[in-house]
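Student: So that you have it, the file is query.cif, and it contains mmCIF, C-alpha atoms:
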data_coords
loop_
_atom_site.label_atom_id
_atom_site.label_comp_id
_atom_site.auth_asym_id
_atom_site.auth_seq_id
_atom_site.Cartn_x
_atom_site.Cartn_y
_atom_site.Cartn_z
CA MET A 1 13.93 -19.90 9.60
CA VAL A 2 11.54 -17.32 11.04
CA MET A 3 13.20 -14.10 12.16
CA ASP A 4 11.63 -11.09 13.81
CA THR A 5 10.63 -8.64 11.06
CA SER A 6 9.18 -5.89 13.25
CA GLN A 7 12.38 -3.90 12.74
CA GLU A 8 14.81 -3.72 9.83
CA PRO A 9 18.06 -5.62 10.43
CA LEU A 10 21.11 -3.49 11.11
CA LYS A 11 23.36 -2.68 8.18
CA SER A 12 26.81 -4.21 7.94
CA GLY A 13 29.48 -2.15 9.61
CA ASP A 14 30.94 -1.74 13.06
CA PHE A 15 28.72 -4.14 14.98
CA THR A 16 30.33 -3.10 18.25
CA GLU A 17 28.16 0.03 18.15
CA ALA A 18 24.89 -1.95 17.97
CA ASP A 19 22.57 -1.50 20.95
CA GLU A 20 20.03 -4.30 20.28
CA PRO A 21 21.22 -7.91 19.83
CA PHE A 22 18.30 -9.40 17.90
CA ARG A 23 18.52 -6.83 15.12
CA LEU A 24 22.21 -7.64 14.88
CA LEU A 25 21.40 -11.35 14.86
CA ALA A 26 18.99 -10.79 11.95
CA ALA A 27 21.68 -8.93 9.98
CA TRP A 28 24.27 -11.64 10.54
CA MET A 29 21.79 -14.41 9.76
CA LYS A 30 20.88 -12.75 6.47
CA GLU A 31 24.54 -12.69 5.45
CA ALA A 32 25.01 -16.29 6.62
CA GLU A 33 22.08 -17.45 4.50
CA ALA A 34 23.91 -16.06 1.46
CA SER A 35 27.36 -17.44 2.31
CA GLU A 36 26.97 -20.71 4.23
CA PRO A 37 26.74 -23.82 1.99
CA ASN A 38 24.57 -25.78 4.44
CA ASP A 39 22.22 -25.00 7.32
CA PRO A 40 23.10 -21.41 8.26
CA ASN A 41 20.65 -21.87 11.16
CA ALA A 42 22.56 -24.80 12.69
CA MET A 43 23.46 -24.16 16.31
CA ALA A 44 25.22 -26.04 19.08
CA LEU A 45 22.84 -26.55 22.00
CA ALA A 46 24.23 -27.28 25.47
CA THR A 47 22.15 -28.72 28.32
CA THR A 48 23.05 -30.33 31.64
CA GLY A 49 22.37 -33.91 32.68
CA ALA A 50 21.25 -35.16 36.08
CA ASP A 51 24.90 -36.02 36.80
CA GLY A 52 25.84 -32.36 36.41
CA LEU A 53 27.84 -32.98 33.25
CA PRO A 54 27.18 -30.77 30.21
CA ASP A 55 25.80 -32.26 27.00
CA VAL A 56 26.02 -30.59 23.58
CA ARG A 57 24.68 -31.36 20.10
CA MET A 58 23.75 -29.58 16.87
CA VAL A 59 20.12 -28.57 16.29
CA LEU A 60 18.37 -26.20 13.88
CA LEU A 61 17.26 -22.77 15.03
CA LYS A 62 13.72 -22.37 13.70
CA ALA A 63 12.72 -18.93 14.99
CA ALA A 64 14.33 -16.00 16.75
CA ASP A 65 12.90 -12.77 18.08
CA PRO A 66 13.31 -10.71 21.27
CA SER A 67 11.47 -13.40 23.23
CA GLY A 68 14.14 -15.97 22.43
CA PHE A 69 15.55 -18.74 20.24
CA VAL A 70 13.23 -21.61 19.23
CA PHE A 71 14.08 -25.19 18.29
CA TYR A 72 11.97 -28.37 18.13
CA THR A 73 12.56 -31.88 19.42
CA ASN A 74 11.17 -35.04 20.96
CA THR A 75 10.63 -34.26 24.66
CA GLU A 76 11.65 -37.84 25.51
CA SER A 77 15.06 -37.38 23.86
CA ALA A 78 18.20 -36.80 25.91
CA LYS A 79 17.95 -33.03 25.55
CA GLY A 80 14.22 -33.08 26.27
CA VAL A 81 14.75 -35.01 29.50
CA GLU A 82 17.66 -32.79 30.54
CA LEU A 83 15.64 -29.63 29.91
CA ALA A 84 12.78 -31.01 32.01
CA GLN A 85 15.25 -31.54 34.87
CA ASN A 86 17.10 -28.25 34.43
CA PRO A 87 15.34 -25.73 32.12
CA LYS A 88 18.46 -23.75 31.27
CA ALA A 89 20.59 -23.93 28.14
CA ALA A 90 23.36 -22.32 26.13
CA LEU A 91 23.82 -22.10 22.37
CA VAL A 92 26.39 -21.17 19.76
CA LEU A 93 25.80 -20.14 16.15
CA HIS A 94 29.06 -20.35 14.17
CA TRP A 95 29.49 -19.27 10.56
CA LYS A 96 32.87 -20.36 9.24
CA SER A 97 32.39 -18.55 5.91
CA LEU A 98 31.95 -15.23 7.75
CA ARG A 99 34.35 -15.94 10.62
CA ARG A 100 31.65 -15.03 13.12
CA GLN A 101 29.85 -16.59 16.03
CA ILE A 102 27.06 -15.76 18.46
CA ARG A 103 26.77 -17.24 21.94
CA ALA A 104 23.71 -17.06 24.18
CA ARG A 105 22.45 -18.60 27.40
CA GLY A 106 19.27 -18.40 29.37
CA THR A 107 16.19 -20.09 30.73
CA VAL A 108 14.06 -22.46 28.68
CA GLU A 109 10.32 -22.96 28.34
CA ARG A 110 8.09 -24.86 25.93
CA VAL A 111 6.42 -23.02 23.08
CA SER A 112 2.63 -22.96 22.97
CA ASP A 113 0.72 -25.88 21.45
CA GLU A 114 -0.42 -23.52 18.69
CA GLU A 115 3.18 -22.68 17.76
CA ALA A 116 4.21 -26.33 17.84
CA ASP A 117 1.21 -27.41 15.74
CA ALA A 118 1.87 -24.71 13.15
CA TYR A 119 5.53 -25.59 12.77
CA PHE A 120 4.88 -29.35 12.71
CA ALA A 121 2.30 -28.87 9.94
CA SER A 122 4.91 -26.99 7.87
CA ARG A 123 7.35 -29.91 7.87
CA PRO A 124 7.54 -32.35 4.93
CA ARG A 125 5.20 -35.30 5.37
CA ASP A 126 8.07 -37.79 5.67
CA SER A 127 9.58 -35.72 8.48
CA ARG A 128 6.24 -35.79 10.32
CA ILE A 129 6.09 -39.56 9.92
CA GLY A 130 9.65 -39.80 11.19
CA ALA A 131 8.73 -37.91 14.35
CA TRP A 132 6.24 -40.67 15.18
CA ALA A 133 8.62 -43.51 14.29
CA SER A 134 11.74 -42.31 16.10
CA GLN A 135 12.20 -43.08 19.79
CA GLN A 136 14.89 -40.43 19.83
CA SER A 137 18.06 -41.06 21.87
CA ARG A 138 16.97 -44.56 22.91
CA PRO A 139 18.66 -47.84 21.86
CA LEU A 140 17.84 -49.09 18.34
CA GLU A 141 18.38 -52.77 17.56
CA SER A 142 18.82 -52.24 13.81
CA ARG A 143 18.17 -49.88 10.94
CA PHE A 144 15.62 -52.38 9.67
CA ALA A 145 13.60 -52.00 12.88
CA PHE A 146 13.52 -48.23 12.36
CA GLU A 147 12.47 -48.56 8.72
CA THR A 148 9.73 -50.98 9.75
CA ALA A 149 8.41 -48.45 12.25
CA ILE A 150 8.48 -45.73 9.59
CA ALA A 151 6.51 -47.95 7.18
CA GLY A 152 3.98 -48.75 9.90
CA TYR A 153 3.30 -45.10 10.76
CA ALA A 154 3.19 -44.18 7.06
CA ALA A 155 0.45 -46.77 6.57
CA ARG A 156 -1.41 -45.60 9.68
CA HIS A 157 -1.42 -42.01 8.40
CA ALA A 158 -1.81 -42.81 4.70
CA VAL A 159 -4.88 -40.60 4.44
CA GLY A 160 -5.34 -37.11 5.85
CA THR A 161 -2.98 -35.00 7.88
CA VAL A 162 -0.25 -36.34 10.14
CA PRO A 163 -0.94 -34.98 13.65
CA ARG A 164 1.81 -33.78 15.96
CA PRO A 165 2.92 -36.45 18.46
CA PRO A 166 2.13 -35.46 22.06
CA TYR A 167 5.81 -35.87 22.97
CA TRP A 168 7.09 -33.55 20.21
CA THR A 169 7.23 -29.79 20.68
CA GLY A 170 9.39 -26.69 20.65
CA PHE A 171 11.52 -25.01 23.27
CA ARG A 172 12.34 -21.33 23.56
CA ILE A 173 15.60 -20.15 25.10
CA ALA A 174 15.03 -16.70 26.63
CA PRO A 175 18.55 -15.25 26.73
CA VAL A 176 19.92 -13.40 29.71
CA ALA A 177 23.17 -12.79 27.82
CA MET A 178 24.31 -12.82 24.17
CA GLU A 179 27.82 -12.41 22.82
CA PHE A 180 28.85 -11.53 19.26
CA TRP A 181 32.33 -12.45 18.03
CA GLN A 182 34.04 -11.37 14.79
CA ASP A 183 37.41 -12.71 13.64
CA ARG A 184 40.20 -10.18 13.13
CA PRO A 185 43.82 -10.65 11.95
CA PHE A 186 46.43 -11.80 14.46
CA ARG A 187 43.69 -13.00 16.83
CA LEU A 188 42.79 -9.39 17.71
CA HIS A 189 39.10 -10.25 17.49
CA ASP A 190 36.07 -8.08 18.22
CA ARG A 191 33.73 -9.23 21.02
CA VAL A 192 30.58 -7.56 22.32
CA ARG A 193 28.39 -8.92 25.11
CA PHE A 194 24.76 -7.92 25.64
CA THR A 195 23.30 -8.52 29.10
CA ARG A 196 19.56 -8.38 29.78
CA ALA A 197 18.71 -5.28 31.82
CA GLU A 198 15.70 -4.75 34.07
CA PRO A 199 12.91 -3.89 33.44
CA GLY A 200 13.87 -4.32 29.78
CA GLY A 201 16.46 -3.56 27.19
CA TRP A 202 20.11 -4.56 27.02
CA GLU A 203 23.43 -3.41 28.40
CA ARG A 204 26.35 -3.59 25.95
CA THR A 205 29.95 -4.31 26.95
CA ARG A 206 32.92 -4.57 24.65
CA LEU A 207 35.29 -7.40 25.65
CA TYR A 208 38.96 -8.08 25.13
CA PRO A 209 39.51 -10.91 22.63
#
Show me the file's structure as structure tokens.

Tutor:
Amino acid sequence: MVMDTSQEPLKSGDFTEADEPFRLLAAWMKEAEASEPNDPNAMALATTGADGLPDVRMVLLKAADPSGFVFYTNTESAKGVELAQNPKAALVLHWKSLRRQIRARGTVERVSDEEADAYFASRPRDSRIGAWASQQSRPLESRFAFETAIAGYAARHAVGTVPRPPYWTGFRIAPVAMEFWQDRPFRLHDRVRFTRAEPGGWERTRLYP
């Protein structure tokens, strides 16, 4: 995962004194990468459907810096369609090994074509083929039909690079609020909320657990 490296992450300690959420995020992510057995960058992503009901699923956070949280998907998937209808989202990063979580919510926009191309090119070749073969979120008659589609696209792109599908790109969630939560004994947890301030910066508020 790509994290902002323009500033050193905060040191471990009393996170409630932190005044910048993305430096704190980088510090917690570094610890999670050392302690989580699988996918420390897994996050729950919540969007809203046309019926007004929320939808949530796990995705992988691929980049994070003060401009926002980036993930990639098929724009014709359920989440892609929902974000086109209502470009707002919420997310949760939860690390059971550390007893910590981060929540964020904000507006959503697509990443640039250059960013999407660069990330797509970094994926394993089979994953790039899979992006062409999968009609994500739509009905699938059988696993065999999917494997046939994979074989067909693999043959089509047997030589040379596998280009990025036009319907596959990244989204950036620009947070208006972020909350950090740390487990404490007897459910006396620590919670700190950062709220985006104008014309820049963050306001920090400590919350009751």

Student: For Trp202 of chain A, which of A:Glu82, A:Glu33, A:Glu179, A:Glu109 is the closest residue, counting all atoms listed in the file?

Tutor: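 The closest residue to Trp202 of chain A is A:Glu179.
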
Student: Could you please determine the separation between atom CA of Leu60 of chain A and atom CA of Ala154 of chain A in Å, to one decimal place?

Tutor: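 Result for atom CA of Leu60 of chain A versus atom CA of Ala154 of chain A: 24.5 Å, one decimal.
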
Student: For the provided coordinates, the residues matched by the PyMOL selection byres ((chain A and resi 137) around 6) should be stated as a PyMOL selection string.

Tutor: chain A and resi 77-78+136+138

Student: For the PyMOL selection byres ((chain A and resi 43) around 9), applied here, can you spell out every residue it catches as a JSON list (two decimals) with C-alpha atoms, in the frame of the given file?

Tutor:
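Result file is result05.json:
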[["chain", "number", "residue", "atom", "x", "y", "z"],
["A", 40, "PRO", "CA", 23.10, -21.41, 8.26],
["A", 41, "ASN", "CA", 20.65, -21.87, 11.16],
["A", 42, "ALA", "CA", 22.56, -24.80, 12.69],
["A", 44, "ALA", "CA", 25.22, -26.04, 19.08],
["A", 45, "LEU", "CA", 22.84, -26.55, 22.00],
["A", 57, "ARG", "CA", 24.68, -31.36, 20.10],
["A", 58, "MET", "CA", 23.75, -29.58, 16.87],
["A", 59, "VAL", "CA", 20.12, -28.57, 16.29],
["A", 60, "LEU", "CA", 18.37, -26.20, 13.88],
["A", 61, "LEU", "CA", 17.26, -22.77, 15.03],
["A", 91, "LEU", "CA", 23.82, -22.10, 22.37],
["A", 92, "VAL", "CA", 26.39, -21.17, 19.76],
["A", 93, "LEU", "CA", 25.80, -20.14, 16.15],
["A", 94, "HIS", "CA", 29.06, -20.35, 14.17]]

Student: The PyMOL selection byres ((chain A and resi 194) around 6) on the file shown: which residues, as a count of residues only?

Tutor: 7

Student: Quote the spacing between atom CA of Trp132 of chain A and atom CA of Phe146 of chain A in Å to one decimal place.

Tutor: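 Value for the atom CA of Trp132 of chain A-atom CA of Phe146 of chain A distance: 10.9 Å.
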
Student: Between A:Val162, A:Ala46, A:Met29, A:Val70, which one has atoms that come closest to Arg123 of chain A, using all atoms listed in the file?

Tutor: A:Val162

Student: Give me, please, the distance in Å between atom CA of Tyr72 of chain A and atom CA of Phe144 of chain A, quoted to one decimal.

Tutor: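 Distance between the two atoms: 25.7 Å.
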
Student: Give the answer as one residue: which of A:Trp95, A:Tyr153, A:Phe120, A:Trp181 has the shortest atom-to-atom distance to Glu36 of chain A, using only C-alpha atoms?

Tutor: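 Closest residue, counting only C-alpha atoms: A:Trp95.
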
Student: If you count only C-alpha atoms, which residues fall within 6 Å of Gly106 of chain A, apart from same-chain ones fewer than 6 positions away, as number ranges by chain?

Tutor: A: 88-89, 173-176

Student: Would you put the residues from that selection into a file with C-alpha atoms, as a compact mmCIF listing (two decimals), in the coordinates of the input?

Tutor:
# COMPACT_ATOMS: atom_id res chain seq x y z
CA LYS A 88 18.46 -23.75 31.27
CA ALA A 89 20.59 -23.93 28.14
CA ILE A 173 15.60 -20.15 25.10
CA ALA A 174 15.03 -16.70 26.63
CA PRO A 175 18.55 -15.25 26.73
CA VAL A 176 19.92 -13.40 29.71

Student: Check the smallest atom-to-atom distance from each of A:Arg172, A:Arg23, A:Arg103, A:His189 to Pro87 of chain A using only C-alpha atoms, then report the winner.

Tutor: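 Checking each of A:Arg172, A:Arg23, A:Arg103, A:His189 against Pro87 of chain A, counting only C-alpha atoms, the winner is A:Arg172.
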
Student: Just the residues within 8 Å of Ala149 of chain A, please, counting only C-alpha atoms, with nothing from its chain fewer than 4 positions along; format it as an NGL selection string.

Tutor: :A and (133-134 or 145 or 153)

Student: Give me segment 37-48 of chain A with N, CA and C atoms filled in, as a PDB file, in the coordinates of the input.

Tutor:
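Below is the file that was written, out_16.pdb:
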ATOM      1  N   PRO A  37      27.211 -22.800   2.941  1.00  0.00           N
ATOM      2  CA  PRO A  37      26.740 -23.820   1.990  1.00  0.00           C
ATOM      3  C   PRO A  37      25.628 -24.697   2.534  1.00  0.00           C
ATOM      4  N   ASN A  38      25.588 -24.915   3.847  1.00  0.00           N
ATOM      5  CA  ASN A  38      24.570 -25.780   4.440  1.00  0.00           C
ATOM      6  C   ASN A  38      24.119 -25.231   5.792  1.00  0.00           C
ATOM      7  N   ASP A  39      22.823 -25.264   6.012  1.00  0.00           N
ATOM      8  CA  ASP A  39      22.220 -25.000   7.320  1.00  0.00           C
ATOM      9  C   ASP A  39      22.819 -23.787   8.053  1.00  0.00           C
ATOM     10  N   PRO A  40      22.614 -22.587   7.544  1.00  0.00           N
ATOM     11  CA  PRO A  40      23.100 -21.410   8.260  1.00  0.00           C
ATOM     12  C   PRO A  40      22.447 -21.240   9.632  1.00  0.00           C
ATOM     13  N   ASN A  41      21.329 -21.936   9.868  1.00  0.00           N
ATOM     14  CA  ASN A  41      20.650 -21.870  11.160  1.00  0.00           C
ATOM     15  C   ASN A  41      21.040 -22.998  12.102  1.00  0.00           C
ATOM     16  N   ALA A  42      22.097 -23.739  11.781  1.00  0.00           N
ATOM     17  CA  ALA A  42      22.560 -24.800  12.690  1.00  0.00           C
ATOM     18  C   ALA A  42      23.211 -24.170  13.911  1.00  0.00           C
ATOM     19  N   MET A  43      22.868 -24.690  15.081  1.00  0.00           N
ATOM     20  CA  MET A  43      23.460 -24.160  16.310  1.00  0.00           C
ATOM     21  C   MET A  43      23.798 -25.306  17.262  1.00  0.00           C
ATOM     22  N   ALA A  44      24.867 -25.112  18.017  1.00  0.00           N
ATOM     23  CA  ALA A  44      25.220 -26.040  19.080  1.00  0.00           C
ATOM     24  C   ALA A  44      24.369 -25.712  20.297  1.00  0.00           C
ATOM     25  N   LEU A  45      23.709 -26.722  20.839  1.00  0.00           N
ATOM     26  CA  LEU A  45      22.840 -26.550  22.000  1.00  0.00           C
ATOM     27  C   LEU A  45      23.416 -27.327  23.177  1.00  0.00           C
ATOM     28  N   ALA A  46      23.672 -26.644  24.278  1.00  0.00           N
ATOM     29  CA  ALA A  46      24.230 -27.280  25.470  1.00  0.00           C
ATOM     30  C   ALA A  46      23.187 -27.324  26.582  1.00  0.00           C
ATOM     31  N   THR A  47      23.034 -28.508  27.166  1.00  0.00           N
ATOM     32  CA  THR A  47      22.150 -28.720  28.320  1.00  0.00           C
ATOM     33  C   THR A  47      22.971 -29.423  29.394  1.00  0.00           C
ATOM     34  N   THR A  48      22.350 -29.675  30.539  1.00  0.00           N
ATOM     35  CA  THR A  48      23.050 -30.330  31.640  1.00  0.00           C
ATOM     36  C   THR A  48      22.283 -31.548  32.094  1.00  0.00           C
TER      37      THR A  48
END
